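**Student:** Structure supplied as target-v7.cif; contents: mmCIF, C-alpha atoms.
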```cif
data_structure
loop_
_atom_site.label_atom_id
_atom_site.label_comp_id
_atom_site.auth_asym_id
_atom_site.auth_seq_id
_atom_site.Cartn_x
_atom_site.Cartn_y
_atom_site.Cartn_z
CA MET A 1 -135.67 -157.74 -19.55
CA ALA A 2 -135.76 -160.48 -16.92
CA HIS A 3 -132.60 -162.14 -15.80
CA PRO A 4 -132.58 -165.75 -14.63
CA LEU A 5 -131.79 -166.20 -10.95
CA PRO A 6 -129.27 -168.75 -9.90
CA LEU A 7 -130.68 -171.98 -8.54
CA ARG A 8 -130.10 -172.83 -4.91
CA ALA A 9 -129.22 -176.33 -6.09
CA PRO A 10 -128.32 -177.55 -9.55
CA LEU A 11 -130.71 -179.89 -11.42
CA ASP A 12 -129.90 -183.46 -12.24
CA ASP A 13 -130.38 -185.11 -15.65
CA ASN A 14 -134.12 -185.57 -14.89
CA GLY A 15 -134.67 -181.89 -14.19
CA LEU A 16 -134.90 -182.43 -10.42
CA PRO A 17 -132.79 -180.65 -7.78
CA ARG A 18 -129.49 -182.42 -7.22
CA THR A 19 -129.17 -183.73 -3.70
CA THR A 20 -125.36 -184.31 -3.66
CA PRO A 21 -122.63 -181.84 -4.65
CA ALA A 22 -121.33 -182.12 -8.15
CA GLN A 23 -117.91 -183.75 -8.37
CA ALA A 24 -115.12 -182.25 -10.46
CA PRO A 25 -113.79 -184.54 -13.14
CA ALA A 26 -110.97 -186.67 -11.75
CA ASP A 27 -108.53 -185.76 -14.51
CA VAL A 28 -108.60 -181.95 -13.87
CA PRO A 29 -105.77 -181.00 -11.41
CA LEU A 30 -106.21 -178.18 -8.94
CA ALA A 31 -104.28 -175.02 -9.92
CA VAL A 32 -101.28 -174.37 -7.63
CA PRO A 33 -99.42 -171.04 -7.88
CA ALA A 34 -95.81 -171.42 -9.02
CA LEU A 35 -93.24 -170.78 -6.30
CA VAL A 36 -90.75 -169.51 -8.86
CA THR A 37 -91.35 -167.93 -12.25
CA GLU A 38 -88.70 -167.15 -14.84
CA THR A 39 -88.64 -163.61 -16.19
CA GLU A 40 -86.68 -161.56 -18.67
CA SER A 41 -84.67 -158.50 -17.65
CA ALA A 42 -82.17 -156.16 -19.25
CA LEU A 43 -79.42 -158.43 -17.95
CA GLY A 44 -80.99 -161.63 -19.28
CA GLN A 45 -83.01 -164.33 -17.56
CA ASP A 46 -84.10 -163.67 -14.01
CA PHE A 47 -86.44 -165.21 -11.45
CA HIS A 48 -89.36 -164.01 -9.38
CA ILE A 49 -89.36 -166.07 -6.20
CA THR A 50 -92.23 -166.03 -3.73
CA PRO A 51 -91.52 -166.16 0.02
CA GLU A 52 -92.65 -169.78 -0.01
CA GLY A 53 -90.27 -170.40 -2.90
CA VAL A 54 -87.36 -168.92 -0.92
CA THR A 55 -88.15 -171.21 1.99
CA GLU A 56 -88.35 -174.26 -0.28
CA ILE A 57 -85.15 -173.43 -2.18
CA PHE A 58 -83.02 -172.92 0.92
CA ALA A 59 -84.45 -176.04 2.50
CA ARG A 60 -83.14 -177.98 -0.50
CA LEU A 61 -79.80 -176.14 -0.43
CA GLN A 62 -79.26 -176.49 3.32
CA SER A 63 -76.69 -179.29 3.14
CA TYR A 64 -74.68 -177.41 0.49
CA LEU A 65 -74.35 -174.10 2.35
CA PRO A 66 -70.77 -173.45 3.55
CA PRO A 67 -69.93 -172.86 7.23
CA TYR A 68 -68.54 -169.40 6.46
CA LEU A 69 -71.96 -168.20 5.24
CA LYS A 70 -73.32 -165.99 8.01
CA ALA A 71 -76.46 -164.45 6.49
CA VAL A 72 -78.52 -164.19 3.32
CA HIS A 73 -80.43 -161.06 2.38
CA GLN A 74 -82.97 -160.99 -0.42
CA GLY A 75 -82.83 -157.94 -2.66
CA GLY A 76 -84.95 -156.75 -5.53
CA TYR A 77 -85.67 -158.77 -8.66
CA GLY A 78 -85.16 -162.05 -6.85
CA GLY A 79 -81.48 -161.37 -6.14
CA PHE A 80 -79.66 -162.31 -2.96
CA GLU A 81 -76.81 -160.78 -1.01
CA PHE A 82 -74.55 -163.14 0.92
CA GLU A 83 -72.70 -162.23 4.10
CA PHE A 84 -69.55 -164.27 4.74
CA ALA A 85 -67.21 -164.54 7.69
CA PRO A 86 -63.89 -162.83 6.87
CA PHE A 87 -61.54 -165.01 4.85
CA THR A 88 -57.86 -165.31 5.73
CA GLY A 89 -56.90 -166.42 2.24
CA ARG A 90 -55.36 -169.58 3.65
CA GLU A 91 -58.55 -171.66 3.57
CA PRO A 92 -59.30 -173.90 0.58
CA GLU A 93 -60.71 -171.86 -2.28
CA PRO A 94 -64.54 -171.95 -2.30
CA SER A 95 -65.90 -174.29 -4.95
CA ALA A 96 -69.54 -174.97 -5.77
CA PRO A 97 -70.55 -178.56 -4.88
CA ASP A 98 -71.89 -180.98 -7.47
CA VAL A 99 -75.65 -181.38 -7.09
CA HIS A 100 -76.32 -183.47 -10.20
CA ALA A 101 -77.10 -186.54 -8.10
CA ASP A 102 -79.44 -184.74 -5.70
CA PRO A 103 -83.03 -185.81 -6.54
CA LYS A 104 -84.33 -182.42 -5.36
CA LEU A 105 -81.92 -180.31 -7.41
CA ALA A 106 -80.89 -182.33 -10.45
CA TYR A 107 -82.46 -181.57 -13.80
CA GLY A 108 -84.75 -184.34 -14.93
CA PRO A 109 -88.26 -185.33 -16.02
CA HIS A 110 -90.56 -183.07 -13.98
CA ASP A 111 -93.10 -180.35 -14.64
CA GLU A 112 -92.28 -176.81 -15.68
CA ALA A 113 -92.77 -175.26 -12.23
CA GLU A 114 -90.43 -177.79 -10.63
CA PHE A 115 -87.89 -177.30 -13.42
CA VAL A 116 -87.82 -173.54 -12.90
CA LEU A 117 -87.56 -173.91 -9.11
CA ARG A 118 -84.56 -176.21 -9.43
CA LYS A 119 -82.99 -173.91 -12.00
CA ALA A 120 -83.32 -170.97 -9.62
CA ALA A 121 -81.89 -173.01 -6.74
CA ARG A 122 -78.83 -173.99 -8.74
CA ARG A 123 -78.36 -170.39 -9.87
CA ILE A 124 -78.45 -169.17 -6.27
CA LEU A 125 -75.95 -171.82 -5.17
CA ASP A 126 -73.56 -171.00 -8.00
CA ASP A 127 -73.85 -167.29 -7.27
CA LEU A 128 -73.14 -167.88 -3.59
CA TYR A 129 -69.91 -169.74 -4.27
CA ARG A 130 -68.89 -167.32 -7.02
CA ARG A 131 -69.13 -164.38 -4.65
CA ALA A 132 -67.40 -166.32 -1.89
CA GLY A 133 -64.61 -167.09 -4.34
CA GLU A 134 -64.22 -163.41 -5.17
CA GLN A 135 -63.79 -162.50 -1.51
CA TRP A 136 -61.44 -165.41 -0.91
CA ARG A 137 -59.22 -164.45 -3.86
CA ASN A 138 -58.89 -160.93 -2.51
CA ALA A 139 -57.99 -162.31 0.90
CA ALA A 140 -55.42 -164.68 -0.58
CA TYR A 141 -53.89 -161.79 -2.53
CA VAL A 142 -53.56 -159.69 0.63
CA ALA A 143 -52.18 -162.61 2.64
CA ASP A 144 -49.45 -163.25 0.05
CA LEU A 145 -48.49 -159.57 0.04
CA ARG A 146 -48.20 -159.52 3.82
CA GLU A 147 -45.75 -162.40 3.62
CA THR A 148 -43.76 -160.80 0.79
CA VAL A 149 -43.48 -157.06 1.50
CA LYS A 150 -41.41 -157.40 4.69
CA ASP A 151 -38.85 -154.54 4.76
CA THR A 152 -39.72 -153.04 1.39
CA GLY A 153 -40.68 -149.75 3.03
CA ALA A 154 -37.24 -149.42 4.67
CA ARG A 155 -35.53 -150.24 1.37
CA TRP A 156 -37.57 -147.58 -0.40
CA GLN A 157 -36.65 -145.01 2.25
CA ALA A 158 -32.97 -145.89 1.81
CA TYR A 159 -33.31 -145.35 -1.92
CA GLU A 160 -35.04 -141.99 -1.47
CA ARG A 161 -32.28 -140.85 0.89
CA ASP A 162 -29.44 -141.86 -1.43
CA ALA A 163 -31.27 -140.58 -4.51
CA LYS A 164 -31.42 -137.14 -2.91
CA ALA A 165 -27.73 -137.39 -2.05
CA LEU A 166 -26.96 -138.24 -5.68
CA GLU A 167 -29.02 -135.29 -6.87
CA SER A 168 -27.14 -132.97 -4.51
CA ALA A 169 -23.72 -134.30 -5.55
CA TYR A 170 -24.53 -133.78 -9.21
CA ALA A 171 -26.03 -130.32 -8.64
CA TYR A 172 -22.88 -129.25 -6.76
CA LEU A 173 -20.80 -129.73 -9.92
CA ARG A 174 -22.62 -126.75 -11.44
CA THR A 175 -21.53 -124.36 -8.67
CA PRO A 176 -18.39 -122.16 -8.83
CA GLU A 177 -17.08 -123.84 -5.68
CA ALA A 178 -16.85 -127.18 -7.50
CA ALA A 179 -14.22 -125.84 -9.89
CA ALA A 180 -11.78 -125.44 -7.02
CA GLU A 181 -12.09 -129.11 -6.06
CA TRP A 182 -13.19 -130.71 -9.30
CA PRO A 183 -11.58 -134.16 -8.78
CA SER A 184 -12.96 -134.39 -5.23
CA ALA A 185 -16.42 -133.28 -6.35
CA LEU A 186 -16.37 -135.89 -9.11
CA SER A 187 -15.26 -138.54 -6.62
CA ARG A 188 -18.18 -137.71 -4.33
CA LEU A 189 -20.51 -137.96 -7.33
CA VAL A 190 -19.18 -141.44 -8.17
CA ASP A 191 -19.65 -142.54 -4.55
CA ALA A 192 -23.22 -141.25 -4.60
CA GLN A 193 -23.87 -143.06 -7.87
CA ASP A 194 -22.60 -146.33 -6.40
CA ARG A 195 -24.75 -145.99 -3.29
CA ALA A 196 -27.85 -145.17 -5.34
CA THR A 197 -27.21 -148.18 -7.55
CA ALA A 198 -26.83 -150.48 -4.53
CA VAL A 199 -30.01 -149.37 -2.75
CA ALA A 200 -31.99 -149.47 -6.02
CA ALA A 201 -30.86 -153.08 -6.53
CA ALA A 202 -31.86 -153.94 -2.95
CA PHE A 203 -35.29 -152.43 -3.49
CA ASP A 204 -35.72 -154.25 -6.81
CA ASP A 205 -34.99 -157.58 -5.13
CA ARG A 206 -38.12 -157.15 -3.04
CA ALA A 207 -40.10 -155.34 -5.74
CA ARG A 208 -39.58 -158.32 -8.06
CA GLU A 209 -41.21 -160.61 -5.48
CA ILE A 210 -44.13 -158.21 -5.02
CA ALA A 211 -44.58 -157.99 -8.80
CA ARG A 212 -44.80 -161.78 -8.97
CA VAL A 213 -47.51 -161.75 -6.30
CA HIS A 214 -49.40 -159.17 -8.38
CA GLU A 215 -49.08 -161.43 -11.41
CA THR A 216 -50.20 -164.52 -9.49
CA HIS A 217 -53.37 -162.74 -8.37
CA LEU A 218 -54.07 -161.10 -11.69
CA TYR A 219 -57.76 -162.07 -11.55
CA ALA A 220 -58.44 -160.86 -8.02
CA GLY A 221 -60.88 -158.00 -7.70
CA LEU A 222 -58.38 -155.73 -5.95
CA GLY A 223 -55.94 -153.54 -7.84
CA HIS A 224 -52.25 -153.41 -6.89
CA VAL A 225 -52.45 -150.28 -4.78
CA ALA A 226 -55.70 -151.33 -3.08
CA ALA A 227 -54.30 -154.77 -2.24
CA LEU A 228 -51.13 -153.29 -0.74
CA GLU A 229 -53.18 -150.80 1.25
CA ARG A 230 -55.40 -153.56 2.61
CA ALA A 231 -52.27 -155.50 3.51
CA GLY A 232 -51.20 -152.57 5.68
CA TYR A 233 -48.97 -150.57 3.32
CA PRO A 234 -50.79 -147.41 2.16
CA GLU A 235 -47.41 -145.80 1.42
CA ALA A 236 -46.80 -148.42 -1.28
CA LYS A 237 -48.49 -146.20 -3.88
CA GLN A 238 -45.18 -144.30 -3.98
CA TRP A 239 -43.05 -147.39 -4.59
CA ALA A 240 -41.58 -147.93 -8.05
CA ILE A 241 -42.73 -151.48 -8.73
CA ALA A 242 -42.66 -152.57 -12.37
CA SER A 243 -44.39 -155.60 -13.91
CA ALA A 244 -42.91 -159.04 -13.28
CA ASP A 245 -41.76 -159.33 -16.91
CA SER A 246 -39.73 -156.14 -16.61
CA TYR A 247 -37.47 -157.66 -13.95
CA ASP A 248 -36.65 -160.56 -16.28
CA GLY A 249 -35.42 -158.24 -19.00
CA ALA A 250 -38.55 -158.56 -21.12
CA TRP A 251 -40.87 -155.79 -22.21
CA GLY A 252 -43.34 -154.93 -19.51
CA ILE A 253 -45.16 -152.13 -17.74
CA GLY A 254 -42.86 -149.85 -15.79
CA VAL A 255 -39.09 -149.69 -15.48
CA PRO A 256 -37.19 -151.34 -12.60
CA LEU A 257 -35.50 -148.92 -10.24
CA THR A 258 -31.98 -150.14 -11.08
CA GLU A 259 -32.61 -149.36 -14.75
CA GLN A 260 -33.90 -145.91 -13.87
CA VAL A 261 -30.75 -145.22 -11.86
CA ARG A 262 -28.52 -146.64 -14.61
CA ARG A 263 -30.08 -144.29 -17.16
CA LEU A 264 -29.70 -141.33 -14.81
CA ILE A 265 -26.03 -142.12 -14.16
CA GLU A 266 -25.42 -142.53 -17.88
CA GLN A 267 -26.85 -139.06 -18.48
CA GLN A 268 -24.74 -137.61 -15.67
CA ASP A 269 -21.53 -139.24 -16.94
CA THR A 270 -22.18 -138.06 -20.47
CA HIS A 271 -22.72 -134.51 -19.25
CA VAL A 272 -19.64 -134.54 -16.97
CA ALA A 273 -17.47 -135.95 -19.76
CA LYS A 274 -18.61 -133.22 -22.14
CA VAL A 275 -18.01 -130.49 -19.57
CA SER A 276 -14.53 -131.86 -18.83
CA ARG A 277 -13.69 -132.09 -22.51
CA LEU A 278 -14.87 -128.58 -23.27
CA SER A 279 -13.16 -127.20 -20.19
CA GLY A 280 -9.90 -128.84 -21.20
CA MET A 281 -10.16 -127.36 -24.72
CA ALA A 282 -10.81 -123.88 -23.31
CA THR A 283 -7.79 -123.97 -21.03
CA GLY A 284 -5.55 -125.84 -23.40
#
```
Would you put the structure from the file into structure tokens?
**Tutor:**
Amino acid sequence: MAHPLPLRAPLDDNGLPRTTPAQAPADVPLAVPALVTETESALGQDFHITPEGVTEIFARLQSYLPPYLKAVHQGGYGGFEFEFAPFTGREPEPSAPDVHADPKLAYGPHDEAEFVLRKAARRILDDLYRRAGEQWRNAAYVADLRETVKDTGARWQAYERDAKALESAYAYLRTPEAAAEWPSALSRLVDAQDRATAVAAAFDDRAREIARVHETHLYAGLGHVAALERAGYPEAKQWAIASADSYDGAWGIGVPLTEQVRRLIEQQDTHVAKVSRLSGMATG
């Protein structure tokens, strides 16, 4: 079967070869690839951004980029990683600027491709400042701890020393030698109890301030131990710091050190009183 060959030149309405190129209808726009397309992912709406789209977006965002932004790295699925200069925590908290009045970023009457591009640009800007805010909050948390901890480590060491002395004084009462100097042994126990109570109270004075810093930065990304370690106090994981509410006498997480010592002394006194009573009955 014969196939028609294409003509070297199209025919006009009279069946003659056309001498000028055919013109496309004026109302048919040329197709332009979208710089940004919106997609669906397991995490919700996402964007596929072409290299040209990245260039266009950051050109529009240029005046809104903060001075502490050092680099931007594009990852998979149209995501971006932002590299910031280290925060001290004493700068103003990062806050996304208002772009509603910007004619190149504001939502308004424009075609679908432009709408999606602007939507992606605003998402990137919000994400940038959100991540900057996360890093700043961690830095502010650490900065407040550095100003608050002060001599807490020395106070904890004093407590550990006197707590061991209290344990030794109480343990001595169970030895045969204590019976020969019972009043003196009891007196040394009372002195050890008083010292342990005093150093526990001194530690709690500072622990209460640290607990309030923890409460103030409740929504920071760092946990208590991690924040104290970043502030320069890795040994703080051993410190007995209760929740801020606990120091005000309310129910909270943990027990203040003074309350722990009070309970211990109460147990010791109850035991000593019972031993003394039973000993008196046996010799009476």
**Student:** Please identify all polymer residues within 7 Å of stretch 80-83 of chain A, counting only C-alpha atoms, omitting same-chain residues fewer than 4 positions from it, and present them as a list of chain:residue names.
**Tutor:**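 After dropping sequence-adjacent residues, the list is A:Leu69, A:Lys70, A:Ala71, A:Val72, A:His73, A:Gln74, A:Gly75, A:Leu128.
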**Student:** Applying 10 Å and all atoms listed in the file, which residues near stretch 196-202 of chain A remain after dropping the ones on its own chain fewer than 2 positions away? List them as a ChimeraX atom specification.
**Tutor:** /A:152,155-166,190-194,204-207,240,256-262,265
**Student:** Report as JSON, numbers by chain the residues that result from applying the PyMOL selection byres ((chain A and resi 141) around 9) to the structure here.
**Tutor:** {"A": [89, 136, 137, 138, 139, 140, 142, 143, 144, 145, 146, 213, 214, 216, 217, 220, 222, 227, 231]}
**Student:** What is the distance between atom CA of A:Gln135 and atom CA of A:Ala211, in Å to one decimal?
**Tutor:**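 The value is 21.0 Å.
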**Student:** Given all atoms listed in the file as the basis, pick out the residue of A:Ile49, A:Ala132, A:Ala185, A:Ala34 nearest to A:Asp111.
**Tutor:**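 Ranking A:Ile49, A:Ala132, A:Ala185, A:Ala34 by distance to A:Asp111, first place goes to A:Ala34.
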**Student:** Suppose you want the space between atom CA of A:Pro51 and atom CA of A:Pro103; what is it in Å?
**Tutor:** 22.4 Å
**Student:** Just the number, please: distance in Å from atom CA of A:Leu105 to atom CA of A:Leu61, one decimal.
**Tutor:** 8.4 Å
**Student:** When you look at A:Tyr170 with a cut-off of 8 Å (counting all atoms listed in the file), what residues show up, excluding the ones that are within fewer than 4 positions of it in the same chain? I need them as a compact mmCIF listing (two decimals) with C-alpha atoms, keeping the file's coordinate frame.
**Tutor:**
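Output file part22.txt follows:
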```txt
# COMPACT_ATOMS: atom_id res chain seq x y z
CA LEU A 166 -26.96 -138.24 -5.68
CA ARG A 174 -22.62 -126.75 -11.44
CA LEU A 189 -20.51 -137.96 -7.33
CA GLN A 268 -24.74 -137.61 -15.67
```
**Student:** For this structure, which residues satisfy the selection - the PyMOL selection byres ((chain A and resi 173) around 12) - when it is evaluated on the file as given? I want them as an MDAnalysis selection string.
**Tutor:** chainID A and resid 166:172 174:190 268:269 271:272 275:276
**Student:** Tell me which protein, DNA and RNA residues are within 10 Å of stretch 99-101 of chain A, counting all atoms listed in the file, leaving out same-chain ones fewer than 4 positions away, and put them as a PyMOL selection string.
**Tutor:** chain A and resi 61+64+105-108+122+125
**Student:** Between A:Arg277, A:Lys237, A:Asp98, A:Glu215, which is the closest to A:Ile253 once you count only C-alpha atoms?
**Tutor:**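 Selected residue with least distance to A:Ile253: A:Glu215.
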**Student:** Convert the output of the PyMOL selection byres ((chain A and resi 38) around 12) on the shown file into explicit residues, formatted as a list in words.
**Tutor:**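 The output of the PyMOL selection byres ((chain A and resi 38) around 12) on this file is Ala34, Leu35, Val36, Thr37, Thr39, Glu40, Ser41, Gly44, Gln45, Asp46, Phe47, His48, Ile49, Thr50, Tyr77, Gly78, Glu112, Ala113, Glu114, Phe115, Val116, Leu117, Arg118, Lys119, Ala120 and Arg123 of chain A.
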